[in-house]
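Pasted below: run.txt, compact mmCIF, C-alpha atoms.
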```
# COMPACT_ATOMS: atom_id res chain seq x y z
CA MET A 9 -5.15 -5.08 24.83
CA SER A 10 -8.87 -5.70 24.60
CA VAL A 11 -11.65 -4.12 22.61
CA ASN A 12 -15.29 -3.91 23.55
CA ALA A 13 -17.67 -3.15 20.74
CA ASN A 14 -21.20 -3.95 19.69
CA TYR A 15 -21.14 -5.43 16.23
CA GLY A 16 -24.61 -6.09 14.84
CA GLY A 17 -23.75 -9.31 13.09
CA ASN A 18 -21.50 -12.30 12.76
CA ILE A 19 -17.81 -12.66 12.01
CA ALA A 20 -17.31 -13.73 8.40
CA LYS A 21 -14.57 -16.04 7.09
CA PRO A 22 -11.22 -14.17 7.12
CA VAL A 23 -9.69 -12.90 3.88
CA HIS A 24 -5.98 -13.66 3.49
CA LEU A 25 -3.39 -12.47 0.96
CA VAL A 26 0.36 -13.01 0.59
CA LEU A 27 1.77 -9.72 -0.68
CA ALA A 28 4.07 -9.74 -3.69
CA GLY A 29 6.15 -6.63 -3.04
CA SER A 30 5.82 -2.93 -2.36
CA THR A 31 2.87 -2.28 -4.71
CA THR A 32 -0.65 -1.81 -3.37
CA ALA A 33 -2.78 -4.96 -3.76
CA LEU A 34 -6.52 -5.55 -3.46
CA VAL A 35 -7.26 -7.86 -0.51
CA GLY A 36 -10.35 -9.92 -1.29
CA SER A 37 -12.83 -8.21 -3.60
CA ALA A 38 -14.89 -5.03 -3.81
CA MET A 39 -17.95 -4.90 -1.57
CA THR A 40 -21.18 -5.85 -3.32
CA ASP A 41 -23.38 -4.09 -0.73
CA ASN A 42 -23.10 -2.31 2.63
CA SER A 43 -23.39 -5.41 4.82
CA MET A 44 -19.75 -5.63 5.97
CA THR A 45 -17.53 -3.91 8.53
CA LEU A 46 -13.77 -4.38 8.58
CA SER A 47 -13.33 -5.39 12.23
CA SER A 48 -9.63 -6.17 12.44
CA TRP A 49 -6.55 -7.02 10.43
CA ALA A 50 -3.16 -8.63 10.93
CA PHE A 51 0.14 -8.27 9.10
CA CYS A 52 2.58 -11.17 9.50
CA ASN A 53 6.24 -10.61 8.59
CA PRO A 54 8.22 -13.84 8.01
CA THR A 55 11.21 -11.97 6.52
CA GLY A 56 14.64 -11.32 8.00
CA GLY A 57 14.09 -7.59 8.54
CA ALA A 58 11.51 -5.09 9.72
CA VAL A 59 8.92 -4.12 7.07
CA THR A 60 6.63 -1.11 6.79
CA CYS A 61 3.08 -2.32 6.12
CA SER A 62 0.16 -0.16 5.03
CA LEU A 63 -3.59 -0.64 4.79
CA TYR A 64 -5.76 1.46 2.47
CA TRP A 65 -9.50 1.95 2.19
CA TYR A 66 -10.65 2.61 -1.36
CA ASP A 67 -13.68 4.88 -0.90
CA ALA A 68 -15.77 4.13 -4.00
CA SER A 69 -18.10 7.11 -3.42
CA ALA A 70 -15.14 9.50 -3.77
CA SER A 71 -13.00 7.32 -6.07
CA THR A 72 -10.17 7.85 -3.58
CA GLU A 73 -7.64 5.52 -1.96
CA ARG A 74 -7.16 6.53 1.69
CA LEU A 75 -4.27 5.41 3.90
CA ILE A 76 -5.88 4.25 7.17
CA TRP A 77 -3.03 2.41 8.90
CA GLN A 78 0.74 2.17 8.58
CA LYS A 79 3.25 0.56 10.90
CA SER A 80 6.61 -1.17 10.92
CA VAL A 81 6.30 -4.90 11.57
CA ALA A 82 9.40 -6.39 13.18
CA THR A 83 11.33 -9.43 11.93
CA ILE A 84 9.37 -12.69 12.35
CA ASP A 85 6.46 -10.88 14.00
CA THR A 86 2.74 -10.23 13.61
CA VAL A 87 0.89 -6.98 14.30
CA VAL A 88 -2.88 -7.06 14.89
CA GLU A 89 -5.19 -4.03 14.83
CA SER A 90 -8.71 -4.27 16.18
CA ASN A 91 -9.47 -0.74 17.38
CA LEU A 92 -10.49 0.82 14.08
CA PRO A 93 -13.70 -0.74 12.72
CA LEU A 94 -14.57 0.55 9.26
CA ARG A 95 -18.05 0.21 7.74
CA LEU A 96 -17.75 -0.55 4.04
CA TRP A 97 -20.22 0.46 1.34
CA THR A 98 -20.94 -0.83 -2.15
CA GLY A 99 -17.79 -0.72 -4.31
CA ASP A 100 -15.43 -0.04 -1.38
CA GLU A 101 -12.20 -2.04 -1.25
CA ILE A 102 -9.44 -2.78 1.23
CA ARG A 103 -5.93 -2.70 -0.19
CA ALA A 104 -2.57 -3.49 1.40
CA LYS A 105 1.11 -2.85 0.82
CA GLY A 106 4.13 -4.61 2.28
CA ALA A 107 7.26 -6.51 1.30
CA ASN A 108 7.31 -9.77 -0.63
CA THR A 109 5.98 -12.76 1.45
CA VAL A 110 4.35 -10.54 4.11
CA THR A 111 0.79 -11.70 4.67
CA VAL A 112 -2.31 -9.70 5.54
CA THR A 113 -5.48 -11.15 7.01
CA LEU A 114 -8.75 -9.21 7.26
CA THR A 115 -11.56 -10.08 9.65
CA MET A 116 -14.95 -8.78 8.55
CA THR A 117 -18.19 -8.60 10.50
CA MET A 118 -21.52 -8.89 8.72
CA ASN A 119 -23.99 -6.18 9.70
CA LEU A 120 -27.49 -7.41 10.43
CA VAL A 121 -30.59 -5.28 10.28
CA ASN A 122 -32.23 -4.73 13.65
CA SER A 123 -35.92 -5.41 13.05
CA GLN A 124 -37.10 -3.99 16.37
```

What would you get if you wrote out this structure as structure tokens?
Amino acid sequence: MSVNANYGGNIAKPVHLVLAGSTTALVGSAMTDNSMTLSSWAFCNPTGGAVTCSLYWYDASASTERLIWQKSVATIDTVVESNLPLRLWTGDEIRAKGANTVTVTLTMTMNLVNSQ
């Protein structure tokens, strides 16, 4: 699968978190401004069974956690999503849920102002 998109910026260093169980966890930190877009994410399941993984967007303007993606990740497998870019604003957060030892990696793109 391929994705064609025009991102007005550069790919930032990925954010990575090993999940500690079935509770929702903050991945990285809250956005300090509106310069970032969540471009893609990956859930890696090293466990001996399939795991349901979820990604949430905390919308700071509405003080609401919104489920944006949920999928079962097979045993010893990785699932990558890159077809749902999400522009983040000040205070927004990305949170994840999955079984113990499952890892999530976020790839962010920095938005640049077009001066033309």

Requested in this report: With a distance cut-off of 10 Å and all atoms listed in the file, select the neighbouring residues of stretch 83-93 of chain A, excluding the residue or stretch itself and same-chain residues fewer than 4 positions from it, and output the selection as a PyMOL selection string.
Outcome: chain A and resi 9-13+15+45-59+61+76-77+79+110-117

Restricting it to C-alpha atoms, dump the selection as a compact mmCIF listing (two decimals), keeping the file's coordinate frame.
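Result file is part_26.txt:
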```
# COMPACT_ATOMS: atom_id res chain seq x y z
CA MET A 9 -5.15 -5.08 24.83
CA SER A 10 -8.87 -5.70 24.60
CA VAL A 11 -11.65 -4.12 22.61
CA ASN A 12 -15.29 -3.91 23.55
CA ALA A 13 -17.67 -3.15 20.74
CA TYR A 15 -21.14 -5.43 16.23
CA THR A 45 -17.53 -3.91 8.53
CA LEU A 46 -13.77 -4.38 8.58
CA SER A 47 -13.33 -5.39 12.23
CA SER A 48 -9.63 -6.17 12.44
CA TRP A 49 -6.55 -7.02 10.43
CA ALA A 50 -3.16 -8.63 10.93
CA PHE A 51 0.14 -8.27 9.10
CA CYS A 52 2.58 -11.17 9.50
CA ASN A 53 6.24 -10.61 8.59
CA PRO A 54 8.22 -13.84 8.01
CA THR A 55 11.21 -11.97 6.52
CA GLY A 56 14.64 -11.32 8.00
CA GLY A 57 14.09 -7.59 8.54
CA ALA A 58 11.51 -5.09 9.72
CA VAL A 59 8.92 -4.12 7.07
CA CYS A 61 3.08 -2.32 6.12
CA ILE A 76 -5.88 4.25 7.17
CA TRP A 77 -3.03 2.41 8.90
CA LYS A 79 3.25 0.56 10.90
CA VAL A 110 4.35 -10.54 4.11
CA THR A 111 0.79 -11.70 4.67
CA VAL A 112 -2.31 -9.70 5.54
CA THR A 113 -5.48 -11.15 7.01
CA LEU A 114 -8.75 -9.21 7.26
CA THR A 115 -11.56 -10.08 9.65
CA MET A 116 -14.95 -8.78 8.55
CA THR A 117 -18.19 -8.60 10.50
```

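Atom to atom, atom CA of A:Ser37 and atom CA of A:Thr109 stand 20.0 Å apart.
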
Requested in this report: Find the residues near A:Leu34: any atom within 10 Å, counting all atoms listed in the file, skip ones fewer than 3 places away on the same chain, and give them as JSON, numbers by chain.
Outcome: {"A": [25, 27, 37, 38, 64, 65, 66, 101, 102, 103, 104, 105]}

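Minimum atom-to-atom distance to A:Asn108, evaluated using only C-alpha atoms, belongs to A:Ser30 out of A:Asn18, A:Gln78, A:Ser71, A:Ser30.
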
Query - Neighbour list for stretch 40-44 of chain A as JSON, numbers by chain, cut-off 6 Å, only C-alpha atoms, skip fewer than 6 positions in-chain - result: {"A": [96, 97, 98, 117, 118, 119]}

Requested in this report: Rank A:Ala28, A:Leu120, A:Ala107, A:Ile19 by their smallest atom-to-atom distance to A:Val81, using only C-alpha atoms, and report the top residue only.
Outcome: A:Ala107

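Put simply, atom CA of A:Asp100 is 11.1 Å away from atom CA of A:Gly36.
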
Once 8 Å is added on each side, what centre and edge lengths in Å to one decimal does the axis-aligned box around all listed atoms of stretch 98-101 of chain A have, as lines of an AutoDock Vina configuration file?
```
center_x = -16.6
center_y = -1.0
center_z = -2.8
size_x = 24.7
size_y = 18.0
size_z = 19.1
```

Query raised in the report: Of the residues A:Ala82, A:Ala20, A:Met39, A:Val26, which is the one nearest to A:Ala68, using all atoms listed in the file?
Result: A:Met39

Query raised in the report: Mind pulling up the distance from atom CA of A:Ala33 to atom CA of A:Arg95?
Result: 19.8 Å

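The smallest atom-to-atom distance between A:Leu75 and any of A:Lys21, A:Leu94, A:Thr32, A:Leu63, using all atoms listed in the file, is found for A:Leu63.
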